[in-house]
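Engineer: Okay, here's the structure, questions in a sec.
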Number of protein chains: 2
Amino acid sequence: MAEKISFEAPRGMRDFYPADMAWRNKVFDAFRAAGEAAGFEPYDSCIVESYDLLARKAGEEVGDQIYHFFDKSERHIALRAEMTPTLARMVAARQKELSFPIKWTAIAQCFRYERMTKGRKREHYQWNLDIIGEDSVLAEVEVIGTAVDALRRMGLTTDDFKVRVSSRRFLSQLLADSGIAPEKHAQVFLALDKRGKMPDSEIAAMLRDGGLTEPEVEATFRIMETKSYEGSPELVELFRLAEVAGFADALVFDIGVIRGLSYYTGIVFECFDAKGEFRAIFGGGRYDNLLTTIGGEPTPAVGLGFGDVVVTELLKSRLGEDSVSRTGGIAVGFMTDSERDAALRLASRLRREGECVNLSLRSQKPKKFFSKAGESGALKAVFIGPDDVSAGVARMKDLATRQETELPL
Amino acid sequence: MAEKISFEAPRGMRDFYPADMAWRNKVFDAFRAAGEAAGFEPYDSCIVESYDLLARKAGEEVGDQIYHFFDKSERHIALRAEMTPTLARMVAARQKELSFPIKWTAIAQCFRYERMTKGRKREHYQWNLDIIGEDSVLAEVEVIGTAVDALRRMGLTTDDFKVRVSSRRFLSQLLADSGIAPEKHAQVFLALDKRGKMPDSEIAAMLRDGGLTEPEVEATFRIMETKSYEGSPELVELFRLAEVAGFADALVFDIGVIRGLSYYTGIVFECFDAKGEFRAIFGGGRYDNLLTTIGGEPTPAVGLGFGDVVVTELLKSRLGEDSVSRTGGIAVGFMTDSERDAALRLASRLRREGECVNLSLRSQKPKKFFSKAGESGALKAVFIGPDDVSAGVARMKDLATRQETELPL
């Protein structure tokens with residue numbers, strides 16, 4: 001026997017056994033269904049990207065967290081940390097041919113080399129929704145509304161989560177109204193994004209380092225107490241349209257939503273569970289300058305990233321760990337090898353009729369068969385014994401109601 | 001404006017624009033539906049694996065074609081070239097807990113650093129079907145039958161493809177009957193696998209290098225003319241059960257099917273398009289020793305790998321490049337900004353009723369709206385003008401039949 005090697009996945013990477021995969025499919029199915037219902041077109045690319053592209057877009061946050069290496073031709077390649085640079089590249093490559101606005105969606109595995117904490121592995125899947133080429137706030141409404149729809153399809157209600165919404169443009173305006181020069185705003189955003197993660201005294205120090213005077217620092221903290229978005233026409237419009245679309249109950253205004261990445265230019269949003277137990281479920285906003293950073297034409301855009309890890313934890317906590325079953329369909333078994341052909345013939349016929357059929361591969365005792373069928377999540381079960389074959393009829397049992405239906409063999 | 005960087009994907013890696021993704025989804029949907037119909041449970045793992053695991057399993061073929069690198073902790077990691085080593089690892093890790101036989105399926109992106117030719121990129125997706133823990137030939141029947149079902153779901157018939165089947169055990173027996181010692185068989189398989197790719201004179205030289213005498217070389221070539229599988233009980237049983245299951249018309253016996261990888265131990269198979277224009281569509285076989293090579297318990301297994309590239313080329317060639325449409329559903333548009341709320345309200349309502357709705361984000365002329373709706377593949381279209389809003393009723397047009405239905409606004 002060969003030397004034993006580690007059976008563990010590499011550190012920070014996940015295995016999805018069938019029970020895990022059932023959860024993943026529940027989440028992905030909701031992503032796909034919500035995207036399709038709202039007319040987003042699926043796209044994808046390879047997880048391997050050129051390092052240059054990722055480094056250009058990544059900016060302050062991702063830079064040294066990228067998995068990167070050289071291939072045999074000394075090409076510098078990397079595993080994507082997010083989908084947006086790739087999206088920007090793909091759109092820029094066909095900017096002349098595409099018919100804007102486009103609404104695109106992807107479920108993309110992304111990698112970050114970082115310290116691992118609860119809910120933060122070195123890879124995750126991120127559902128992306130992007131609308132490119134549209135400057136009206138209807139783009140934000142469609143993106144947020146589709147994400148809210150996905151959460152509803154997973155079995156959550158707006159009592160379970162809230163989307164906190166703000167606008168960098170509005171915050172900039174409030175800062176400017178207090179006399180803080182626009183060239184200092186990027187640094188202010190960076191500092192304010194750390195609120196809740198570090199004490200306000202350190203935020204204040206960051207603001208001073210960014211060139212703010214003491215009155216300006218005080219003004220900034222006062223601005224963070226803003227409770228009304230009435231001064232922001234785009235936020236007023238967003239809340240009004242969300243009402244029209246039927247998801248206004250999911251939205252709350254929160255001036256404290258900044259979003260870490262520097263490329264957001266307007267409305268920004270983050271979704272959290274209502275009890276505040278988990279990290280952000282999804283986040284996004286308007287990023288009108290992204291294409292120009294890689295050399296494309298200026299193009300308005302709104303996007304959202306929705307990871308699979310946090311929402312799965314939330315679902316398990318709210319719906320129960322066992323609320324997802326691995327299989328459904330019909331289990332077919334047989335008592336002795338003499339009934340094997342009959343079982344295979346029946347299974348094949350039921351499959352052709354559109355049923356999902358899990359055929360046992362070995363003869364077994366009825367008790368063992370029915371117990372395994374129940375465990376596997378089958379809804380119905382047919383067990384074929386010698387008498388059934390001679391009678392030419394098998395009985396299909398509904399495992400919930402115990403009702404039986406006859407099936408000709 | 002920033003310096004322009006390359007908008008191309010890295011060499012050998014594919015971008016999936018929405019039109020490409022529509023094809024991929026057609027293929028993946030058939031994979032998923034066929035796997036589900038036959039009771040295979042989905043599983044997955046991360047594409048990043050430990051290099052040791054891949055190198056152990058890879059053997060002669062893959063070894064130096066693996067993308068591999070060191071992470072910041074000097075862990076030697078790699079991008080998987082196939083799913084089987086990962087499957088073996090995951091099964092070995094839970095060998096005591098799993099209830100065998102297990103039937104597992106995955107659609108796995110895999111990477112190989114190799115010279116690029118038509119239909120061979122540096123990454124592809126491979127649908128995997130594996131049955132582990134079952135030694136009867138019913139396992140082969142389920143695996144091959146499920147792959148045939150997937151091809152049918154894609155729109156192909158058994159006139160379009162054939163699954164060529166043989167058995168390494170049978171071939172070994174024929175070789176042994178001709179006096180060729182069992183320890184030489186691995187080398188014979190390796191040589192015979194090259195048939196069709198190099199002239200028979202070179203195959204003969206390989207056989208001589210493997211220690212075969214001239215009469216043994218001649219005997220080997222005679223064996224390759226074998227047209228009947230009657231001497232192989234497992235092949236007889238396979239063809240009989242395929243008849244019972246209803247896909248015998250997809251099978252042909254071909255003693256020349258060897259499969260490159262050394263780990264196959266019994267029945268082997270490869271599927272080709274009937275005209276012989278493309279490379280193999282899928283391939284697989286029985287590999288009863290795989291788990292022991294990584295230190296697990298001996299376990300019988302049958303598996304299949306079905307790539308996305310060749311079958312997509314075949315489908316485009318047989319069904320037409322334009323036979324897949326990007327979207328369906330209902331397009332909703334509006335003439336002026338005064339009808340925007342009504343359009344959003346209608347779109348939201350239709351979506352809640354389960355429809356897929358592509359809402360235009362901008363006011364537009366009806367002609368432009370209907371032409372774009374047709375191009376996008378929408379089945380129905382609703383265009384809302386000022387009169388519709390005052391009447392409180394919009395008309396939904398079926399784009400195929402031109403029939404109109406009224407919808408209250």
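By order of appearance in the structure tokens: chains A, B, ..., then residues from 1 within every chain, and ligands from 1 in the order shown.
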Output the contact residues of chain A with respect to chain B at a cut-off of 7 Å, based on only C-alpha atoms, as a JSON list (two decimals) with C-alpha atoms, in the first residue's frame.
Structural biologist:
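Output (part.json):
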[["chain", "number", "residue", "atom", "x", "y", "z"],
["A", 1, "MET", "CA", 0.00, 0.00, 0.00],
["A", 2, "ALA", "CA", 1.21, 3.45, -0.92],
["A", 3, "GLU", "CA", 2.37, 5.97, 1.63],
["A", 4, "LYS", "CA", -0.54, 7.90, 3.05],
["A", 5, "ILE", "CA", -0.71, 11.57, 2.11],
["A", 7, "PHE", "CA", -6.55, 13.99, 2.84],
["A", 9, "ALA", "CA", -7.91, 20.37, 1.30],
["A", 10, "PRO", "CA", -5.15, 23.03, 1.14],
["A", 13, "MET", "CA", -9.86, 26.06, 0.67],
["A", 14, "ARG", "CA", -13.19, 24.32, 1.03],
["A", 15, "ASP", "CA", -14.35, 20.83, 0.14],
["A", 16, "PHE", "CA", -18.03, 20.53, -0.67],
["A", 17, "TYR", "CA", -19.28, 17.10, 0.32],
["A", 18, "PRO", "CA", -22.83, 16.35, -0.90],
["A", 21, "MET", "CA", -23.13, 21.06, -1.86],
["A", 36, "GLU", "CA", -32.70, 35.35, -14.71],
["A", 37, "ALA", "CA", -35.99, 36.78, -13.43],
["A", 38, "ALA", "CA", -34.55, 40.29, -13.68],
["A", 39, "GLY", "CA", -33.06, 39.82, -17.15],
["A", 41, "GLU", "CA", -27.31, 37.78, -18.73],
["A", 42, "PRO", "CA", -24.80, 35.25, -17.37],
["A", 43, "TYR", "CA", -21.13, 35.64, -18.31],
["A", 44, "ASP", "CA", -17.94, 34.17, -16.90],
["A", 45, "SER", "CA", -14.21, 34.05, -17.39],
["A", 46, "CYS", "CA", -11.36, 31.95, -16.15],
["A", 49, "GLU", "CA", -6.15, 36.40, -14.80],
["A", 50, "SER", "CA", -3.13, 38.48, -15.72],
["A", 69, "PHE", "CA", 2.76, 33.16, -9.92],
["A", 89, "ARG", "CA", -11.57, 44.03, -19.20],
["A", 90, "MET", "CA", -14.26, 42.06, -21.02],
["A", 92, "ALA", "CA", -13.58, 47.32, -22.58],
["A", 93, "ALA", "CA", -12.57, 44.70, -25.17],
["A", 138, "LEU", "CA", -33.08, 52.75, -11.93],
["A", 139, "ALA", "CA", -29.83, 50.77, -12.36],
["A", 244, "VAL", "CA", -42.73, 51.28, -6.61],
["A", 245, "ALA", "CA", -40.81, 48.03, -7.09],
["A", 292, "THR", "CA", -11.14, 54.41, -17.52],
["A", 293, "THR", "CA", -8.72, 52.99, -14.93],
["A", 294, "ILE", "CA", -7.84, 50.18, -17.34],
["A", 295, "GLY", "CA", -7.88, 52.34, -20.44],
["A", 341, "ASP", "CA", -33.10, -6.40, -14.53],
["A", 344, "LEU", "CA", -33.03, -1.34, -13.95],
["A", 345, "ARG", "CA", -35.81, -1.45, -16.55],
["A", 348, "SER", "CA", -34.75, 3.66, -16.87],
["A", 351, "ARG", "CA", -36.10, 8.50, -15.86],
["A", 355, "GLU", "CA", -38.38, 11.40, -12.85],
["A", 356, "CYS", "CA", -35.19, 11.51, -10.78],
["A", 357, "VAL", "CA", -34.43, 7.93, -9.81],
["A", 358, "ASN", "CA", -31.78, 6.65, -7.44],
["A", 361, "LEU", "CA", -26.88, -1.12, -7.30]]
Engineer: Give me the residues near Tyr125 in chain A as number ranges by chain, where near means some atom within 8 Å (using only C-alpha atoms) and where sequence neighbours in that chain fewer than 5 positions away do not count.
Structural biologist: A: 107-110, 307-309
Engineer: Those selected residues, please, written with all heavy atoms and delivered as a PDB file, in the first residue's frame.
Structural biologist:
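Result file follows (again17.pdb):
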ATOM      1  N   ILE A 107     -21.422  33.972 -11.200  1.00  0.00           N
ATOM      2  CA  ILE A 107     -21.084  33.420  -9.881  1.00  0.00           C
ATOM      3  C   ILE A 107     -19.622  33.003  -9.997  1.00  0.00           C
ATOM      4  O   ILE A 107     -19.305  32.045 -10.694  1.00  0.00           O
ATOM      5  CB  ILE A 107     -21.963  32.215  -9.512  1.00  0.00           C
ATOM      6  CG1 ILE A 107     -23.447  32.607  -9.522  1.00  0.00           C
ATOM      7  CG2 ILE A 107     -21.567  31.674  -8.140  1.00  0.00           C
ATOM      8  CD1 ILE A 107     -24.395  31.433  -9.286  1.00  0.00           C
ATOM      9  N   ALA A 108     -18.753  33.757  -9.353  1.00  0.00           N
ATOM     10  CA  ALA A 108     -17.324  33.627  -9.621  1.00  0.00           C
ATOM     11  C   ALA A 108     -16.576  33.194  -8.364  1.00  0.00           C
ATOM     12  O   ALA A 108     -16.719  33.811  -7.311  1.00  0.00           O
ATOM     13  CB  ALA A 108     -16.766  34.971 -10.089  1.00  0.00           C
ATOM     14  N   GLN A 109     -15.780  32.140  -8.485  1.00  0.00           N
ATOM     15  CA  GLN A 109     -14.897  31.800  -7.364  1.00  0.00           C
ATOM     16  C   GLN A 109     -13.750  32.803  -7.326  1.00  0.00           C
ATOM     17  O   GLN A 109     -13.170  33.130  -8.359  1.00  0.00           O
ATOM     18  CB  GLN A 109     -14.353  30.373  -7.498  1.00  0.00           C
ATOM     19  CG  GLN A 109     -13.785  29.859  -6.167  1.00  0.00           C
ATOM     20  CD  GLN A 109     -13.237  28.441  -6.251  1.00  0.00           C
ATOM     21  OE1 GLN A 109     -12.984  27.925  -7.327  1.00  0.00           O
ATOM     22  NE2 GLN A 109     -13.041  27.816  -5.100  1.00  0.00           N
ATOM     23  N   CYS A 110     -13.459  33.318  -6.140  1.00  0.00           N
ATOM     24  CA  CYS A 110     -12.445  34.364  -5.981  1.00  0.00           C
ATOM     25  C   CYS A 110     -11.520  33.978  -4.841  1.00  0.00           C
ATOM     26  O   CYS A 110     -11.936  33.327  -3.890  1.00  0.00           O
ATOM     27  CB  CYS A 110     -13.117  35.708  -5.665  1.00  0.00           C
ATOM     28  SG  CYS A 110     -14.214  36.282  -6.974  1.00  0.00           S
ATOM     29  N   GLY A 307     -21.315  37.322  -1.513  1.00  0.00           N
ATOM     30  CA  GLY A 307     -20.548  36.106  -1.253  1.00  0.00           C
ATOM     31  C   GLY A 307     -21.422  34.949  -0.802  1.00  0.00           C
ATOM     32  O   GLY A 307     -22.547  35.146  -0.345  1.00  0.00           O
ATOM     33  N   ASP A 308     -20.884  33.739  -0.934  1.00  0.00           N
ATOM     34  CA  ASP A 308     -21.679  32.563  -0.549  1.00  0.00           C
ATOM     35  C   ASP A 308     -21.515  32.197   0.927  1.00  0.00           C
ATOM     36  O   ASP A 308     -22.351  31.479   1.477  1.00  0.00           O
ATOM     37  CB  ASP A 308     -21.316  31.355  -1.424  1.00  0.00           C
ATOM     38  CG  ASP A 308     -19.904  30.833  -1.176  1.00  0.00           C
ATOM     39  OD1 ASP A 308     -19.011  31.642  -0.858  1.00  0.00           O
ATOM     40  OD2 ASP A 308     -19.696  29.615  -1.292  1.00  0.00           O
ATOM     41  N   VAL A 309     -20.471  32.691   1.597  1.00  0.00           N
ATOM     42  CA  VAL A 309     -20.158  32.190   2.937  1.00  0.00           C
ATOM     43  C   VAL A 309     -21.115  32.743   3.995  1.00  0.00           C
ATOM     44  O   VAL A 309     -21.737  31.994   4.742  1.00  0.00           O
ATOM     45  CB  VAL A 309     -18.690  32.507   3.307  1.00  0.00           C
ATOM     46  CG1 VAL A 309     -18.398  32.092   4.740  1.00  0.00           C
ATOM     47  CG2 VAL A 309     -17.738  31.806   2.347  1.00  0.00           C
TER      48      VAL A 309
END
Engineer: For Ile258 in chain B, find every residue with an atom within 8 Å (counting only C-alpha atoms), except residues of its own chain fewer than 4 positions away, and show them as a list in words.
Structural biologist: Ser166, Ser167, Arg168, Phe189, Leu192, Asp193, Val268 and Phe269 of chain B
Engineer: List as a list in words the protein and nucleic acid residues near Gly211 in chain A, meaning an atom at most 9 Å away when only C-alpha atoms are counted, but skip any in the same chain fewer than 5 places from it.
Structural biologist: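 With the cut-off at 9 Å, the set is Lys184, Gln187 and Met206 of chain A.
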Engineer: Just the helix (DSSP H, G or I) stuff from range 11-193 of chain B, please, per backbone DSSP, written as a VMD selection string.
Structural biologist: chain B and resid 18 to 37 51 to 65 84 to 93 138 to 153 168 to 177 182 to 192
Engineer: What separation in Å, quoted to one decimal, exists between CA of Ala301 in chain A and CA of Ile132 in chain A?
Structural biologist: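 CA of Ile132 in chain A lies 4.3 Å from CA of Ala301 in chain A.
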Engineer: Using only C-alpha atoms, find the one residue out of B:Leu238, B:Ile180, B:Met335, B:Val324 that sits nearest to Lys368 in chain B.
Structural biologist: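 Smallest separation from Lys368 in chain B among the options: B:Met335.
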Engineer: Please compute the CA of Val311 in chain A-CA of Arg32 in chain A distance, one decimal, in Å.
Structural biologist: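 Between CA of Val311 in chain A and CA of Arg32 in chain A the gap works out to 15.0 Å.
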Engineer: What's the 10 Å shell around Lys26 in chain A, counting only C-alpha atoms, without same-chain residues fewer than 4 positions away, as a list in words?
Structural biologist: Met21, Ala22, Ala30, Phe31, Arg153, Met154, Thr312, Leu315, Val324 and Ser325 of chain A
Engineer: Using only C-alpha atoms, which residues sit within 7 Å of Glu339 in chain A once same-chain residues fewer than 5 positions away are excluded, as a list in words?
Structural biologist: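 Near Glu339 in chain A, the qualifying residues are Phe334, Ile384, Gly385, Pro386 and Val389 of chain A.
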Engineer: Please write the residues from the selection above to a file, keeping all heavy atoms, as a PDB file, in the first residue's frame.
Structural biologist:
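What ended up in selection.pdb:
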ATOM      1  N   PHE A 334     -34.078  -3.630  -5.043  1.00  0.00           N
ATOM      2  CA  PHE A 334     -34.518  -4.982  -5.393  1.00  0.00           C
ATOM      3  C   PHE A 334     -33.971  -5.970  -4.366  1.00  0.00           C
ATOM      4  O   PHE A 334     -32.928  -5.746  -3.751  1.00  0.00           O
ATOM      5  CB  PHE A 334     -34.095  -5.351  -6.818  1.00  0.00           C
ATOM      6  CG  PHE A 334     -32.633  -5.164  -7.108  1.00  0.00           C
ATOM      7  CD1 PHE A 334     -31.736  -6.225  -6.999  1.00  0.00           C
ATOM      8  CD2 PHE A 334     -32.134  -3.924  -7.483  1.00  0.00           C
ATOM      9  CE1 PHE A 334     -30.381  -6.060  -7.268  1.00  0.00           C
ATOM     10  CE2 PHE A 334     -30.773  -3.748  -7.754  1.00  0.00           C
ATOM     11  CZ  PHE A 334     -29.899  -4.814  -7.645  1.00  0.00           C
ATOM     12  N   ILE A 384     -38.523  -3.940  -5.294  1.00  0.00           N
ATOM     13  CA  ILE A 384     -39.006  -5.034  -6.134  1.00  0.00           C
ATOM     14  C   ILE A 384     -38.523  -6.376  -5.575  1.00  0.00           C
ATOM     15  O   ILE A 384     -37.313  -6.604  -5.450  1.00  0.00           O
ATOM     16  CB  ILE A 384     -38.529  -4.859  -7.591  1.00  0.00           C
ATOM     17  CG1 ILE A 384     -38.998  -3.487  -8.115  1.00  0.00           C
ATOM     18  CG2 ILE A 384     -39.073  -5.977  -8.477  1.00  0.00           C
ATOM     19  CD1 ILE A 384     -38.527  -3.173  -9.516  1.00  0.00           C
ATOM     20  N   GLY A 385     -39.482  -7.230  -5.215  1.00  0.00           N
ATOM     21  CA  GLY A 385     -39.169  -8.586  -4.769  1.00  0.00           C
ATOM     22  C   GLY A 385     -39.605  -9.589  -5.806  1.00  0.00           C
ATOM     23  O   GLY A 385     -40.200  -9.222  -6.831  1.00  0.00           O
ATOM     24  N   PRO A 386     -39.310 -10.910  -5.562  1.00  0.00           N
ATOM     25  CA  PRO A 386     -39.656 -11.950  -6.534  1.00  0.00           C
ATOM     26  C   PRO A 386     -41.154 -11.953  -6.866  1.00  0.00           C
ATOM     27  O   PRO A 386     -41.532 -12.117  -8.030  1.00  0.00           O
ATOM     28  CB  PRO A 386     -39.252 -13.250  -5.825  1.00  0.00           C
ATOM     29  CG  PRO A 386     -38.269 -12.847  -4.786  1.00  0.00           C
ATOM     30  CD  PRO A 386     -38.617 -11.462  -4.383  1.00  0.00           C
ATOM     31  N   VAL A 389     -42.129  -9.347  -9.451  1.00  0.00           N
ATOM     32  CA  VAL A 389     -41.751  -9.690 -10.822  1.00  0.00           C
ATOM     33  C   VAL A 389     -42.747 -10.693 -11.391  1.00  0.00           C
ATOM     34  O   VAL A 389     -43.220 -10.548 -12.534  1.00  0.00           O
ATOM     35  CB  VAL A 389     -40.306 -10.235 -10.879  1.00  0.00           C
ATOM     36  CG1 VAL A 389     -39.982 -10.768 -12.269  1.00  0.00           C
ATOM     37  CG2 VAL A 389     -39.318  -9.148 -10.489  1.00  0.00           C
TER      38      VAL A 389
END
Engineer: Using the chain letters and numbers from this document, which residues of range 79-288 of chain A does DSSP assign to strand (DSSP E), as a ChimeraX atom specification?
Structural biologist: /A:79,102-111,123-132,161-167,251-253,267-273,282-286
